[in-house]
Amino acid sequence: MQIAVASGKGGTGKTTIATSLALCTDDPVQYLDCDVEEPNGHIFLHPKFSERETINLTVPKLVEQNCTACGKCKEICQFNAIAQFGDTVMTFPDLCHSCLGCFRVCEEEALLEENREIGIMETGKSGKISFTHGRLRVGEAMAVPLLHAVRSKAAAENIVILDAPPGTSCPFVETVVESDYVILVTEPTPFGHHDLKLAAQALTNLKIPFAVIINRSDIGDDRVVSWCQETNTPLLLSIPFNRSIAEGYAHGIPLVETLPELRSSFEKILKRICNEAP
Amino acid sequence: MKPHELLILSGKGGTGKTTVTGSFAHLAKNPVIVDCDVDASDLHLLLNPSILEKHPFISGQKAVVETTRCSGCGICEELCQFHAVSMGERAEINPMNCEGCSVCAHFCPEDAIELTENHCGEWYISDTAYSKMVHAHLFAGEENSGKLVSFIKQRALETAEETGAELLLIDGAPGIGCPVIASISGCDTILAVTEPSLSGWHDLERILDLAEHFQIICHVCINKFDLNPDLTQTITARCEKRNAAVIGTIPFDPQVVSCQIEGRPVVSAPDSPAALAVTAIWKTLTKKMENRDSPAPPPMFP
């Protein structure tokens, strides 16, 4: 069972909800932090890491003496990572998407496989929770291959909680695409509502069932509640703004430790999703 | 003269980038406003732009299988590095995963795969009550956010040349990946908006790393600072050590959400605590940018 916690808008409380869910089940559970650009789950779960892996992309390096400047590698590369000026071929490994096309078309063994580090992946334990996150190398643009590595740690026998990155573009899709259910965390403001609609549209296109949790439910107006009613989207939980929650969050204390009375709500949510998901 | 590019970033989402940018749009003299958060953009909800021009954004390509020619040999599935091909009796391509690398098409023995242009979003030039705005919408699940960001920044520079604007005021995306890196290229000053929480701090550090990596001056402001004065102090001290001055703090103020509901920047409610704080930050920031634009600026990251 894979449950992704996503939002569209950033800072609505994805990590707050995802870590609390992971802490509220007695079943074998995995927490995968899929926000590899800005991972925050470890701040709340304090995992002890036992594995650390560098994630690389394979990129081309030119072996000049073998190159006949035939132009085939430049022609197949769709990402401007190979350029040719007359008889001179140049590679730009930072632009490479690692499709491996250039290696496959080169007949002269003029391209060597090199690694470009895109980040690291760490795995460990936080109590009973198996924890994995990725940390994108600063300056690296391609988050998805690292996210894919984190994602592929999901084991079928576990309840897997995926903490998604904000937005609705490719990192969001990569996180949710194979999940069974998505919880969209939002706040009742114009920004929260607007980005919720975008994320909901994306999930509808992908045919993934989803429901909503409203965080800081008393700071704005009733537009998100009305939207849930109009679209028949289940509203799982509303959490009012509360200074003690904000305090706890600031210091990396999981929500269910700050307000233990919420534990039963999260247990119910997990049960409900496990029954509902296809 | 090339306009000064001021980019608002945060690392962590929801710290107040758009609230700050929207207010700066109100305070700045004739900027070009650019929303570089192209997949979950919100700035238009504060600035109510009226669209003058709307264009499709076509970028990259997607593989499409001509099923009548496909023999189901599976070579494309074997070669694809992006898990975009699933093989039944015939190959099927998941456009969400396809990066348009063309390797499948090149090696298909039946010539059954074609690449088609990818219409992945829209971009706009608009008028607002303050000045021109360049913004965009990337369709859900698309992957060309970096390209779209670079593209609209280019359009914004052209607009600045037409209008004589001396400032690009740029609302950035959360994170430190593809769209953020695209928005940083050519940028002169970064303002990082953070909040006093361990998560906000952690993500700010990575923004400072990024600014250092690209050697761009970065100032910091701390939003909702009074929710945790101790952490505000710790973050301020830490920023000083890293050569990134905290140039202001913004108190928690319910007016921010009320103004958002009314669809206007918070500084348009001029006596609210947040409005006063953002106005003070803008004054400090403009001085810093003016000094920066004068000849021979001191090296920030020696």
# chains A, B, ... in the order shown; residues from 1 in each chain; ligands from 1
>>> interface_residues(of="chain B", to="chain A", cutoff="7 Å", atoms="only C-alpha atoms", output="PyMOL selection string")
chain B and resi 11-15+39-40+42+81+101-103+140-143+175-178+181+196-199+203+209-210+213+257+260-261
>>> residues_around(residues="Glu122 (chain B)", least_positions_apart="4", cutoff="12 Å", atoms="only C-alpha atoms", output="PDB file with all heavy atoms, in the first residue's frame")
ATOM      1  N   VAL B  38       6.322  28.280 -12.323  1.00  0.00           N
ATOM      2  CA  VAL B  38       5.413  28.066 -13.455  1.00  0.00           C
ATOM      3  C   VAL B  38       4.481  26.872 -13.278  1.00  0.00           C
ATOM      4  O   VAL B  38       3.520  26.734 -14.019  1.00  0.00           O
ATOM      5  CB  VAL B  38       6.176  27.921 -14.795  1.00  0.00           C
ATOM      6  CG1 VAL B  38       6.866  29.228 -15.154  1.00  0.00           C
ATOM      7  CG2 VAL B  38       7.175  26.773 -14.751  1.00  0.00           C
ATOM      8  N   ASP B  39       4.745  26.005 -12.297  1.00  0.00           N
ATOM      9  CA  ASP B  39       3.809  24.875 -12.174  1.00  0.00           C
ATOM     10  C   ASP B  39       2.819  25.033 -11.026  1.00  0.00           C
ATOM     11  O   ASP B  39       1.838  24.320 -10.972  1.00  0.00           O
ATOM     12  CB  ASP B  39       4.518  23.517 -12.166  1.00  0.00           C
ATOM     13  CG  ASP B  39       5.368  23.289 -10.956  1.00  0.00           C
ATOM     14  OD1 ASP B  39       6.213  24.156 -10.675  1.00  0.00           O
ATOM     15  OD2 ASP B  39       5.201  22.257 -10.299  1.00  0.00           O
ATOM     16  N   ILE B  51      -4.604  39.937 -19.206  1.00  0.00           N
ATOM     17  CA  ILE B  51      -3.699  39.341 -20.187  1.00  0.00           C
ATOM     18  C   ILE B  51      -3.737  40.128 -21.495  1.00  0.00           C
ATOM     19  O   ILE B  51      -4.806  40.342 -22.071  1.00  0.00           O
ATOM     20  CB  ILE B  51      -4.056  37.864 -20.403  1.00  0.00           C
ATOM     21  CG1 ILE B  51      -3.768  37.080 -19.105  1.00  0.00           C
ATOM     22  CG2 ILE B  51      -3.290  37.265 -21.566  1.00  0.00           C
ATOM     23  CD1 ILE B  51      -4.209  35.637 -19.116  1.00  0.00           C
ATOM     24  N   GLU B  53      -1.231  39.360 -24.024  1.00  0.00           N
ATOM     25  CA  GLU B  53      -0.809  38.376 -25.027  1.00  0.00           C
ATOM     26  C   GLU B  53      -0.798  37.004 -24.379  1.00  0.00           C
ATOM     27  O   GLU B  53      -0.362  36.867 -23.245  1.00  0.00           O
ATOM     28  CB  GLU B  53       0.638  38.644 -25.482  1.00  0.00           C
ATOM     29  CG  GLU B  53       0.864  39.894 -26.241  1.00  0.00           C
ATOM     30  CD  GLU B  53       2.360  40.044 -26.570  1.00  0.00           C
ATOM     31  OE1 GLU B  53       3.053  39.020 -26.717  1.00  0.00           O
ATOM     32  OE2 GLU B  53       2.818  41.189 -26.660  1.00  0.00           O
ATOM     33  N   LYS B  54      -1.256  36.006 -25.144  1.00  0.00           N
ATOM     34  CA  LYS B  54      -1.248  34.631 -24.653  1.00  0.00           C
ATOM     35  C   LYS B  54      -0.673  33.754 -25.747  1.00  0.00           C
ATOM     36  O   LYS B  54      -1.111  33.835 -26.891  1.00  0.00           O
ATOM     37  CB  LYS B  54      -2.680  34.227 -24.318  1.00  0.00           C
ATOM     38  CG  LYS B  54      -2.883  32.787 -23.946  1.00  0.00           C
ATOM     39  CD  LYS B  54      -4.347  32.559 -23.582  1.00  0.00           C
ATOM     40  CE  LYS B  54      -4.667  31.083 -23.617  1.00  0.00           C
ATOM     41  NZ  LYS B  54      -6.072  30.826 -23.263  1.00  0.00           N
ATOM     42  N   HIS B  55       0.343  32.957 -25.406  1.00  0.00           N
ATOM     43  CA  HIS B  55       1.000  32.133 -26.422  1.00  0.00           C
ATOM     44  C   HIS B  55       1.151  30.698 -25.938  1.00  0.00           C
ATOM     45  O   HIS B  55       1.372  30.474 -24.749  1.00  0.00           O
ATOM     46  CB  HIS B  55       2.400  32.675 -26.723  1.00  0.00           C
ATOM     47  CG  HIS B  55       2.427  34.100 -27.151  1.00  0.00           C
ATOM     48  ND1 HIS B  55       2.242  34.485 -28.449  1.00  0.00           N
ATOM     49  CD2 HIS B  55       2.599  35.241 -26.439  1.00  0.00           C
ATOM     50  CE1 HIS B  55       2.318  35.810 -28.527  1.00  0.00           C
ATOM     51  NE2 HIS B  55       2.527  36.289 -27.315  1.00  0.00           N
ATOM     52  N   PRO B  56       1.101  29.739 -26.863  1.00  0.00           N
ATOM     53  CA  PRO B  56       1.404  28.357 -26.457  1.00  0.00           C
ATOM     54  C   PRO B  56       2.906  28.212 -26.217  1.00  0.00           C
ATOM     55  O   PRO B  56       3.707  28.906 -26.864  1.00  0.00           O
ATOM     56  CB  PRO B  56       0.964  27.522 -27.664  1.00  0.00           C
ATOM     57  CG  PRO B  56       1.058  28.457 -28.820  1.00  0.00           C
ATOM     58  CD  PRO B  56       0.763  29.840 -28.286  1.00  0.00           C
ATOM     59  N   PHE B  57       3.283  27.344 -25.295  1.00  0.00           N
ATOM     60  CA  PHE B  57       4.700  27.037 -25.104  1.00  0.00           C
ATOM     61  C   PHE B  57       4.943  25.624 -25.608  1.00  0.00           C
ATOM     62  O   PHE B  57       4.385  24.654 -25.111  1.00  0.00           O
ATOM     63  CB  PHE B  57       5.090  27.154 -23.628  1.00  0.00           C
ATOM     64  CG  PHE B  57       6.538  26.846 -23.382  1.00  0.00           C
ATOM     65  CD1 PHE B  57       7.539  27.664 -23.894  1.00  0.00           C
ATOM     66  CD2 PHE B  57       6.906  25.739 -22.641  1.00  0.00           C
ATOM     67  CE1 PHE B  57       8.880  27.382 -23.684  1.00  0.00           C
ATOM     68  CE2 PHE B  57       8.256  25.450 -22.416  1.00  0.00           C
ATOM     69  CZ  PHE B  57       9.235  26.272 -22.937  1.00  0.00           C
ATOM     70  N   ILE B  58       5.758  25.547 -26.644  1.00  0.00           N
ATOM     71  CA  ILE B  58       6.053  24.251 -27.244  1.00  0.00           C
ATOM     72  C   ILE B  58       7.517  23.958 -27.016  1.00  0.00           C
ATOM     73  O   ILE B  58       8.381  24.763 -27.357  1.00  0.00           O
ATOM     74  CB  ILE B  58       5.702  24.265 -28.746  1.00  0.00           C
ATOM     75  CG1 ILE B  58       4.176  24.321 -28.856  1.00  0.00           C
ATOM     76  CG2 ILE B  58       6.244  23.034 -29.453  1.00  0.00           C
ATOM     77  CD1 ILE B  58       3.661  24.771 -30.175  1.00  0.00           C
ATOM     78  N   SER B  59       7.789  22.862 -26.374  1.00  0.00           N
ATOM     79  CA  SER B  59       9.179  22.576 -26.037  1.00  0.00           C
ATOM     80  C   SER B  59       9.392  21.081 -25.969  1.00  0.00           C
ATOM     81  O   SER B  59       8.565  20.343 -25.445  1.00  0.00           O
ATOM     82  CB  SER B  59       9.519  23.195 -24.689  1.00  0.00           C
ATOM     83  OG  SER B  59      10.832  22.850 -24.339  1.00  0.00           O
ATOM     84  N   ASN B 118       5.821  18.913 -28.463  1.00  0.00           N
ATOM     85  CA  ASN B 118       5.121  18.833 -27.185  1.00  0.00           C
ATOM     86  C   ASN B 118       4.613  20.216 -26.764  1.00  0.00           C
ATOM     87  O   ASN B 118       5.403  21.104 -26.465  1.00  0.00           O
ATOM     88  CB  ASN B 118       6.094  18.266 -26.139  1.00  0.00           C
ATOM     89  CG  ASN B 118       5.430  18.075 -24.811  1.00  0.00           C
ATOM     90  OD1 ASN B 118       4.232  17.827 -24.735  1.00  0.00           O
ATOM     91  ND2 ASN B 118       6.216  18.205 -23.758  1.00  0.00           N
ATOM     92  N   VAL B 134       5.115  39.224 -16.741  1.00  0.00           N
ATOM     93  CA  VAL B 134       5.309  38.080 -17.625  1.00  0.00           C
ATOM     94  C   VAL B 134       5.147  36.827 -16.778  1.00  0.00           C
ATOM     95  O   VAL B 134       5.810  36.689 -15.740  1.00  0.00           O
ATOM     96  CB  VAL B 134       6.707  38.108 -18.285  1.00  0.00           C
ATOM     97  CG1 VAL B 134       6.850  36.952 -19.267  1.00  0.00           C
ATOM     98  CG2 VAL B 134       6.940  39.442 -18.997  1.00  0.00           C
ATOM     99  N   HIS B 135       4.251  35.941 -17.184  1.00  0.00           N
ATOM    100  CA  HIS B 135       3.993  34.749 -16.379  1.00  0.00           C
ATOM    101  C   HIS B 135       3.613  33.590 -17.277  1.00  0.00           C
ATOM    102  O   HIS B 135       3.499  33.757 -18.496  1.00  0.00           O
ATOM    103  CB  HIS B 135       2.934  35.020 -15.301  1.00  0.00           C
ATOM    104  CG  HIS B 135       1.679  35.697 -15.783  1.00  0.00           C
ATOM    105  ND1 HIS B 135       0.434  35.261 -15.458  1.00  0.00           N
ATOM    106  CD2 HIS B 135       1.476  36.781 -16.589  1.00  0.00           C
ATOM    107  CE1 HIS B 135      -0.470  36.046 -16.006  1.00  0.00           C
ATOM    108  NE2 HIS B 135       0.131  36.965 -16.704  1.00  0.00           N
ATOM    109  N   ALA B 136       3.426  32.425 -16.695  1.00  0.00           N
ATOM    110  CA  ALA B 136       3.216  31.232 -17.509  1.00  0.00           C
ATOM    111  C   ALA B 136       2.496  30.176 -16.707  1.00  0.00           C
ATOM    112  O   ALA B 136       2.403  30.257 -15.479  1.00  0.00           O
ATOM    113  CB  ALA B 136       4.562  30.680 -17.982  1.00  0.00           C
ATOM    114  N   HIS B 137       1.990  29.204 -17.433  1.00  0.00           N
ATOM    115  CA  HIS B 137       1.381  28.054 -16.772  1.00  0.00           C
ATOM    116  C   HIS B 137       1.885  26.788 -17.461  1.00  0.00           C
ATOM    117  O   HIS B 137       1.655  26.584 -18.649  1.00  0.00           O
ATOM    118  CB  HIS B 137      -0.149  28.149 -16.855  1.00  0.00           C
ATOM    119  CG  HIS B 137      -0.838  26.907 -16.389  1.00  0.00           C
ATOM    120  ND1 HIS B 137      -0.658  26.403 -15.118  1.00  0.00           N
ATOM    121  CD2 HIS B 137      -1.682  26.051 -17.015  1.00  0.00           C
ATOM    122  CE1 HIS B 137      -1.373  25.307 -14.985  1.00  0.00           C
ATOM    123  NE2 HIS B 137      -1.997  25.057 -16.114  1.00  0.00           N
ATOM    124  N   LEU B 138       2.579  25.973 -16.706  1.00  0.00           N
ATOM    125  CA  LEU B 138       3.037  24.688 -17.229  1.00  0.00           C
ATOM    126  C   LEU B 138       1.944  23.668 -16.972  1.00  0.00           C
ATOM    127  O   LEU B 138       1.433  23.575 -15.850  1.00  0.00           O
ATOM    128  CB  LEU B 138       4.321  24.275 -16.495  1.00  0.00           C
ATOM    129  CG  LEU B 138       5.053  23.052 -17.021  1.00  0.00           C
ATOM    130  CD1 LEU B 138       5.747  23.375 -18.338  1.00  0.00           C
ATOM    131  CD2 LEU B 138       6.090  22.558 -16.006  1.00  0.00           C
ATOM    132  N   PHE B 139       1.564  22.895 -17.987  1.00  0.00           N
ATOM    133  CA  PHE B 139       0.512  21.903 -17.778  1.00  0.00           C
ATOM    134  C   PHE B 139       0.984  20.879 -16.751  1.00  0.00           C
ATOM    135  O   PHE B 139       2.175  20.590 -16.645  1.00  0.00           O
ATOM    136  CB  PHE B 139       0.136  21.208 -19.101  1.00  0.00           C
ATOM    137  CG  PHE B 139      -0.414  22.150 -20.138  1.00  0.00           C
ATOM    138  CD1 PHE B 139      -0.232  21.898 -21.490  1.00  0.00           C
ATOM    139  CD2 PHE B 139      -1.110  23.291 -19.755  1.00  0.00           C
ATOM    140  CE1 PHE B 139      -0.738  22.769 -22.454  1.00  0.00           C
ATOM    141  CE2 PHE B 139      -1.623  24.164 -20.710  1.00  0.00           C
ATOM    142  CZ  PHE B 139      -1.423  23.904 -22.061  1.00  0.00           C
ATOM    143  N   ALA B 140       0.011  20.325 -16.022  1.00  0.00           N
ATOM    144  CA  ALA B 140       0.326  19.392 -14.936  1.00  0.00           C
ATOM    145  C   ALA B 140       1.159  18.222 -15.447  1.00  0.00           C
ATOM    146  O   ALA B 140       0.863  17.650 -16.494  1.00  0.00           O
ATOM    147  CB  ALA B 140      -0.965  18.885 -14.306  1.00  0.00           C
ATOM    148  N   GLU B 142       4.144  18.152 -16.596  1.00  0.00           N
ATOM    149  CA  GLU B 142       5.141  18.399 -17.640  1.00  0.00           C
ATOM    150  C   GLU B 142       6.522  18.573 -17.022  1.00  0.00           C
ATOM    151  O   GLU B 142       6.668  18.885 -15.852  1.00  0.00           O
ATOM    152  CB  GLU B 142       4.762  19.645 -18.450  1.00  0.00           C
ATOM    153  CG  GLU B 142       3.607  19.398 -19.394  1.00  0.00           C
ATOM    154  CD  GLU B 142       3.981  18.463 -20.536  1.00  0.00           C
ATOM    155  OE1 GLU B 142       5.187  18.240 -20.759  1.00  0.00           O
ATOM    156  OE2 GLU B 142       3.053  17.953 -21.195  1.00  0.00           O
ATOM    157  N   ASN B 144       9.206  20.429 -18.546  1.00  0.00           N
ATOM    158  CA  ASN B 144      10.084  21.454 -19.110  1.00  0.00           C
ATOM    159  C   ASN B 144      10.067  22.747 -18.310  1.00  0.00           C
ATOM    160  O   ASN B 144      10.200  23.835 -18.854  1.00  0.00           O
ATOM    161  CB  ASN B 144       9.703  21.734 -20.557  1.00  0.00           C
ATOM    162  CG  ASN B 144      10.048  20.548 -21.435  1.00  0.00           C
ATOM    163  OD1 ASN B 144      11.186  20.096 -21.427  1.00  0.00           O
ATOM    164  ND2 ASN B 144       9.079  20.024 -22.141  1.00  0.00           N
ATOM    165  N   SER B 145       9.905  22.645 -16.971  1.00  0.00           N
ATOM    166  CA  SER B 145       9.779  23.858 -16.175  1.00  0.00           C
ATOM    167  C   SER B 145      11.011  24.750 -16.315  1.00  0.00           C
ATOM    168  O   SER B 145      10.883  25.965 -16.400  1.00  0.00           O
ATOM    169  CB  SER B 145       9.520  23.502 -14.716  1.00  0.00           C
ATOM    170  OG  SER B 145      10.552  22.703 -14.204  1.00  0.00           O
ATOM    171  N   LEU B 148      10.845  26.582 -19.639  1.00  0.00           N
ATOM    172  CA  LEU B 148       9.800  27.606 -19.640  1.00  0.00           C
ATOM    173  C   LEU B 148      10.241  28.818 -18.806  1.00  0.00           C
ATOM    174  O   LEU B 148      10.012  29.966 -19.192  1.00  0.00           O
ATOM    175  CB  LEU B 148       8.478  27.022 -19.110  1.00  0.00           C
ATOM    176  CG  LEU B 148       7.265  27.946 -19.053  1.00  0.00           C
ATOM    177  CD1 LEU B 148       7.030  28.653 -20.381  1.00  0.00           C
ATOM    178  CD2 LEU B 148       6.003  27.171 -18.658  1.00  0.00           C
ATOM    179  N   VAL B 149      10.905  28.559 -17.689  1.00  0.00           N
ATOM    180  CA  VAL B 149      11.413  29.657 -16.862  1.00  0.00           C
ATOM    181  C   VAL B 149      12.440  30.486 -17.638  1.00  0.00           C
ATOM    182  O   VAL B 149      12.363  31.719 -17.671  1.00  0.00           O
ATOM    183  CB  VAL B 149      12.024  29.103 -15.550  1.00  0.00           C
ATOM    184  CG1 VAL B 149      12.861  30.162 -14.852  1.00  0.00           C
ATOM    185  CG2 VAL B 149      10.921  28.607 -14.617  1.00  0.00           C
ATOM    186  N   PHE B 151      12.696  30.749 -20.760  1.00  0.00           N
ATOM    187  CA  PHE B 151      11.989  31.397 -21.863  1.00  0.00           C
ATOM    188  C   PHE B 151      11.278  32.669 -21.389  1.00  0.00           C
ATOM    189  O   PHE B 151      11.417  33.736 -21.995  1.00  0.00           O
ATOM    190  CB  PHE B 151      10.984  30.403 -22.478  1.00  0.00           C
ATOM    191  CG  PHE B 151      10.260  30.942 -23.660  1.00  0.00           C
ATOM    192  CD1 PHE B 151      10.814  30.841 -24.931  1.00  0.00           C
ATOM    193  CD2 PHE B 151       9.032  31.567 -23.525  1.00  0.00           C
ATOM    194  CE1 PHE B 151      10.160  31.347 -26.029  1.00  0.00           C
ATOM    195  CE2 PHE B 151       8.355  32.072 -24.620  1.00  0.00           C
ATOM    196  CZ  PHE B 151       8.926  31.972 -25.881  1.00  0.00           C
ATOM    197  N   ILE B 152      10.541  32.583 -20.277  1.00  0.00           N
ATOM    198  CA  ILE B 152       9.792  33.785 -19.871  1.00  0.00           C
ATOM    199  C   ILE B 152      10.733  34.853 -19.309  1.00  0.00           C
ATOM    200  O   ILE B 152      10.448  36.042 -19.397  1.00  0.00           O
ATOM    201  CB  ILE B 152       8.613  33.511 -18.903  1.00  0.00           C
ATOM    202  CG1 ILE B 152       9.071  32.931 -17.594  1.00  0.00           C
ATOM    203  CG2 ILE B 152       7.535  32.690 -19.536  1.00  0.00           C
ATOM    204  CD1 ILE B 152       7.965  32.920 -16.536  1.00  0.00           C
TER     205      ILE B 152
END
>>> select_by_dssp(residues="region 59-192 of chain B", states="helix (DSSP H, G or I)", output="VMD selection string")
chain B and resid 75 to 79 103 to 107 145 to 163 178 to 184
>>> residues_around(residues="Asn30 (chain B)", least_positions_apart="3", cutoff="9 Å", atoms="only C-alpha atoms", output="PyMOL selection string")
chain B and resi 25+130-132+163-167
>>> write_last_selection(atoms="N, CA and C atoms", output="PDB file, in the first residue's frame")
ATOM      1  N   ALA B  25       5.973  44.444  -5.844  1.00  0.00           N
ATOM      2  CA  ALA B  25       5.388  44.922  -7.104  1.00  0.00           C
ATOM      3  C   ALA B  25       4.662  46.247  -6.863  1.00  0.00           C
ATOM      4  N   TYR B 130       0.247  47.866 -11.480  1.00  0.00           N
ATOM      5  CA  TYR B 130       1.565  48.413 -11.168  1.00  0.00           C
ATOM      6  C   TYR B 130       2.453  48.519 -12.407  1.00  0.00           C
ATOM      7  N   SER B 131       2.565  47.432 -13.135  1.00  0.00           N
ATOM      8  CA  SER B 131       3.427  47.447 -14.324  1.00  0.00           C
ATOM      9  C   SER B 131       3.176  46.170 -15.115  1.00  0.00           C
ATOM     10  N   LYS B 132       3.995  45.952 -16.128  1.00  0.00           N
ATOM     11  CA  LYS B 132       3.854  44.749 -16.959  1.00  0.00           C
ATOM     12  C   LYS B 132       4.268  43.505 -16.170  1.00  0.00           C
ATOM     13  N   THR B 163       9.886  48.879 -22.183  1.00  0.00           N
ATOM     14  CA  THR B 163       9.274  49.808 -21.233  1.00  0.00           C
ATOM     15  C   THR B 163      10.305  50.654 -20.499  1.00  0.00           C
ATOM     16  N   GLY B 164      11.589  50.355 -20.706  1.00  0.00           N
ATOM     17  CA  GLY B 164      12.632  51.089 -19.991  1.00  0.00           C
ATOM     18  C   GLY B 164      12.723  50.703 -18.529  1.00  0.00           C
ATOM     19  N   ALA B 165      12.187  49.546 -18.168  1.00  0.00           N
ATOM     20  CA  ALA B 165      12.239  49.109 -16.767  1.00  0.00           C
ATOM     21  C   ALA B 165      13.678  48.805 -16.365  1.00  0.00           C
ATOM     22  N   GLU B 166      14.019  49.181 -15.143  1.00  0.00           N
ATOM     23  CA  GLU B 166      15.380  48.935 -14.661  1.00  0.00           C
ATOM     24  C   GLU B 166      15.438  47.778 -13.676  1.00  0.00           C
ATOM     25  N   LEU B 167      14.294  47.140 -13.458  1.00  0.00           N
ATOM     26  CA  LEU B 167      14.253  46.040 -12.489  1.00  0.00           C
ATOM     27  C   LEU B 167      13.381  44.905 -12.999  1.00  0.00           C
TER      28      LEU B 167
END
>>> residues_around(residues="Ile183 (chain A)", least_positions_apart="5", cutoff="9 Å", atoms="only C-alpha atoms", output="ChimeraX atom specification")
/A:3-7,14,209-213,236
>>> write_last_selection(atoms="N, CA, C and O atoms", output="mmCIF file, in the first residue's frame")
data_model
loop_
_atom_site.group_PDB
_atom_site.id
_atom_site.type_symbol
_atom_site.label_atom_id
_atom_site.label_comp_id
_atom_site.auth_asym_id
_atom_site.auth_seq_id
_atom_site.Cartn_x
_atom_site.Cartn_y
_atom_site.Cartn_z
ATOM 1 N N ILE A 3 0.924 5.335 -0.039
ATOM 2 C CA ILE A 3 0.136 6.545 0.160
ATOM 3 C C ILE A 3 1.060 7.757 0.000
ATOM 4 O O ILE A 3 2.027 7.899 0.753
ATOM 5 N N ALA A 4 0.779 8.590 -0.994
ATOM 6 C CA ALA A 4 1.593 9.794 -1.190
ATOM 7 C C ALA A 4 0.913 10.978 -0.513
ATOM 8 O O ALA A 4 -0.307 11.092 -0.522
ATOM 9 N N VAL A 5 1.720 11.839 0.099
ATOM 10 C CA VAL A 5 1.206 13.056 0.714
ATOM 11 C C VAL A 5 1.746 14.226 -0.106
ATOM 12 O O VAL A 5 2.957 14.453 -0.165
ATOM 13 N N ALA A 6 0.851 14.931 -0.788
ATOM 14 C CA ALA A 6 1.268 15.967 -1.745
ATOM 15 C C ALA A 6 0.464 17.232 -1.486
ATOM 16 O O ALA A 6 -0.358 17.293 -0.567
ATOM 17 N N SER A 7 0.690 18.286 -2.316
ATOM 18 C CA SER A 7 -0.053 19.509 -2.004
ATOM 19 C C SER A 7 -0.213 20.519 -3.132
ATOM 20 O O SER A 7 -1.128 21.317 -3.083
ATOM 21 N N LYS A 14 2.756 19.060 4.325
ATOM 22 C CA LYS A 14 2.963 17.693 3.825
ATOM 23 C C LYS A 14 3.782 16.856 4.795
ATOM 24 O O LYS A 14 3.412 15.742 5.142
ATOM 25 N N PRO A 209 -6.884 7.885 -6.924
ATOM 26 C CA PRO A 209 -7.842 8.432 -5.961
ATOM 27 C C PRO A 209 -7.142 9.328 -4.924
ATOM 28 O O PRO A 209 -5.983 9.087 -4.579
ATOM 29 N N PHE A 210 -7.872 10.355 -4.485
ATOM 30 C CA PHE A 210 -7.254 11.277 -3.534
ATOM 31 C C PHE A 210 -8.291 11.859 -2.581
ATOM 32 O O PHE A 210 -9.484 11.822 -2.852
ATOM 33 N N ALA A 211 -7.792 12.377 -1.485
ATOM 34 C CA ALA A 211 -8.637 13.048 -0.498
ATOM 35 C C ALA A 211 -7.857 14.228 0.054
ATOM 36 O O ALA A 211 -6.676 14.408 -0.269
ATOM 37 N N VAL A 212 -8.527 15.045 0.875
ATOM 38 C CA VAL A 212 -7.930 16.314 1.311
ATOM 39 C C VAL A 212 -7.798 16.370 2.831
ATOM 40 O O VAL A 212 -8.667 15.864 3.561
ATOM 41 N N ILE A 213 -6.716 16.951 3.313
ATOM 42 C CA ILE A 213 -6.593 17.371 4.711
ATOM 43 C C ILE A 213 -6.381 18.885 4.700
ATOM 44 O O ILE A 213 -5.539 19.387 3.954
ATOM 45 N N LEU A 236 -10.649 14.455 4.859
ATOM 46 C CA LEU A 236 -10.260 13.493 5.895
ATOM 47 C C LEU A 236 -10.130 14.126 7.268
ATOM 48 O O LEU A 236 -10.414 13.512 8.284
#
>>> residues_around(residues="region 109-113 of chain A", least_positions_apart="6", cutoff="9 Å", atoms="only C-alpha atoms", output="list in words")
Thr58, Val59, Pro60, Lys61, Leu62, Val63, Glu64, Gln65, Asn66, Cys67, Thr68, Cys102 and Phe103 of chain A
>>> write_last_selection(atoms="C-alpha atoms", output="compact mmCIF listing (two decimals), in the first residue's frame")
# COMPACT_ATOMS: atom_id res chain seq x y z
CA THR A 58 26.10 8.19 -16.91
CA VAL A 59 27.35 10.99 -19.15
CA PRO A 60 29.72 10.99 -22.14
CA LYS A 61 33.39 11.98 -22.17
CA LEU A 62 35.07 12.41 -25.51
CA VAL A 63 38.14 10.31 -26.43
CA GLU A 64 39.53 12.70 -29.00
CA GLN A 65 41.99 10.36 -30.74
CA ASN A 66 39.17 7.93 -31.58
CA CYS A 67 36.67 10.54 -32.78
CA THR A 68 36.16 10.82 -36.53
CA CYS A 102 25.32 8.85 -28.02
CA PHE A 103 27.12 5.75 -26.73
>>> closest_residue(among="B:Gln255, B:Thr189, B:Ser126, B:Pro95", to="Glu290 (chain B)", atoms="only C-alpha atoms")
B:Thr189
>>> select_by_dssp(residues="region 38-256 of chain A", states="strand (DSSP E or B)", output="MDAnalysis selection string")
chainID A and resid 48:62 82:85 88:91 111:126 129:136 159:163 181:186 210:215 235:239
>>> residues_around(residues="region 86-93 of chain B", least_positions_apart="5", cutoff="8 Å", atoms="only C-alpha atoms", output="NGL selection string")
:B and (63-65 or 67 or 70-72 or 74 or 76-77 or 98)
>>> closest_residue(among="A:Ala164, A:Leu262, A:Met1, A:Ala277", to="Pro240 (chain A)", atoms="only C-alpha atoms")
A:Leu262
>>> residues_around(residues="Met121 (chain A)", least_positions_apart="4", cutoff="9 Å", atoms="only C-alpha atoms", output="count of residues only")
13
>>> atom_distance(atom1="CA of Leu259 (chain A)", atom2="CA of Arg272 (chain A)")
21.1 Å
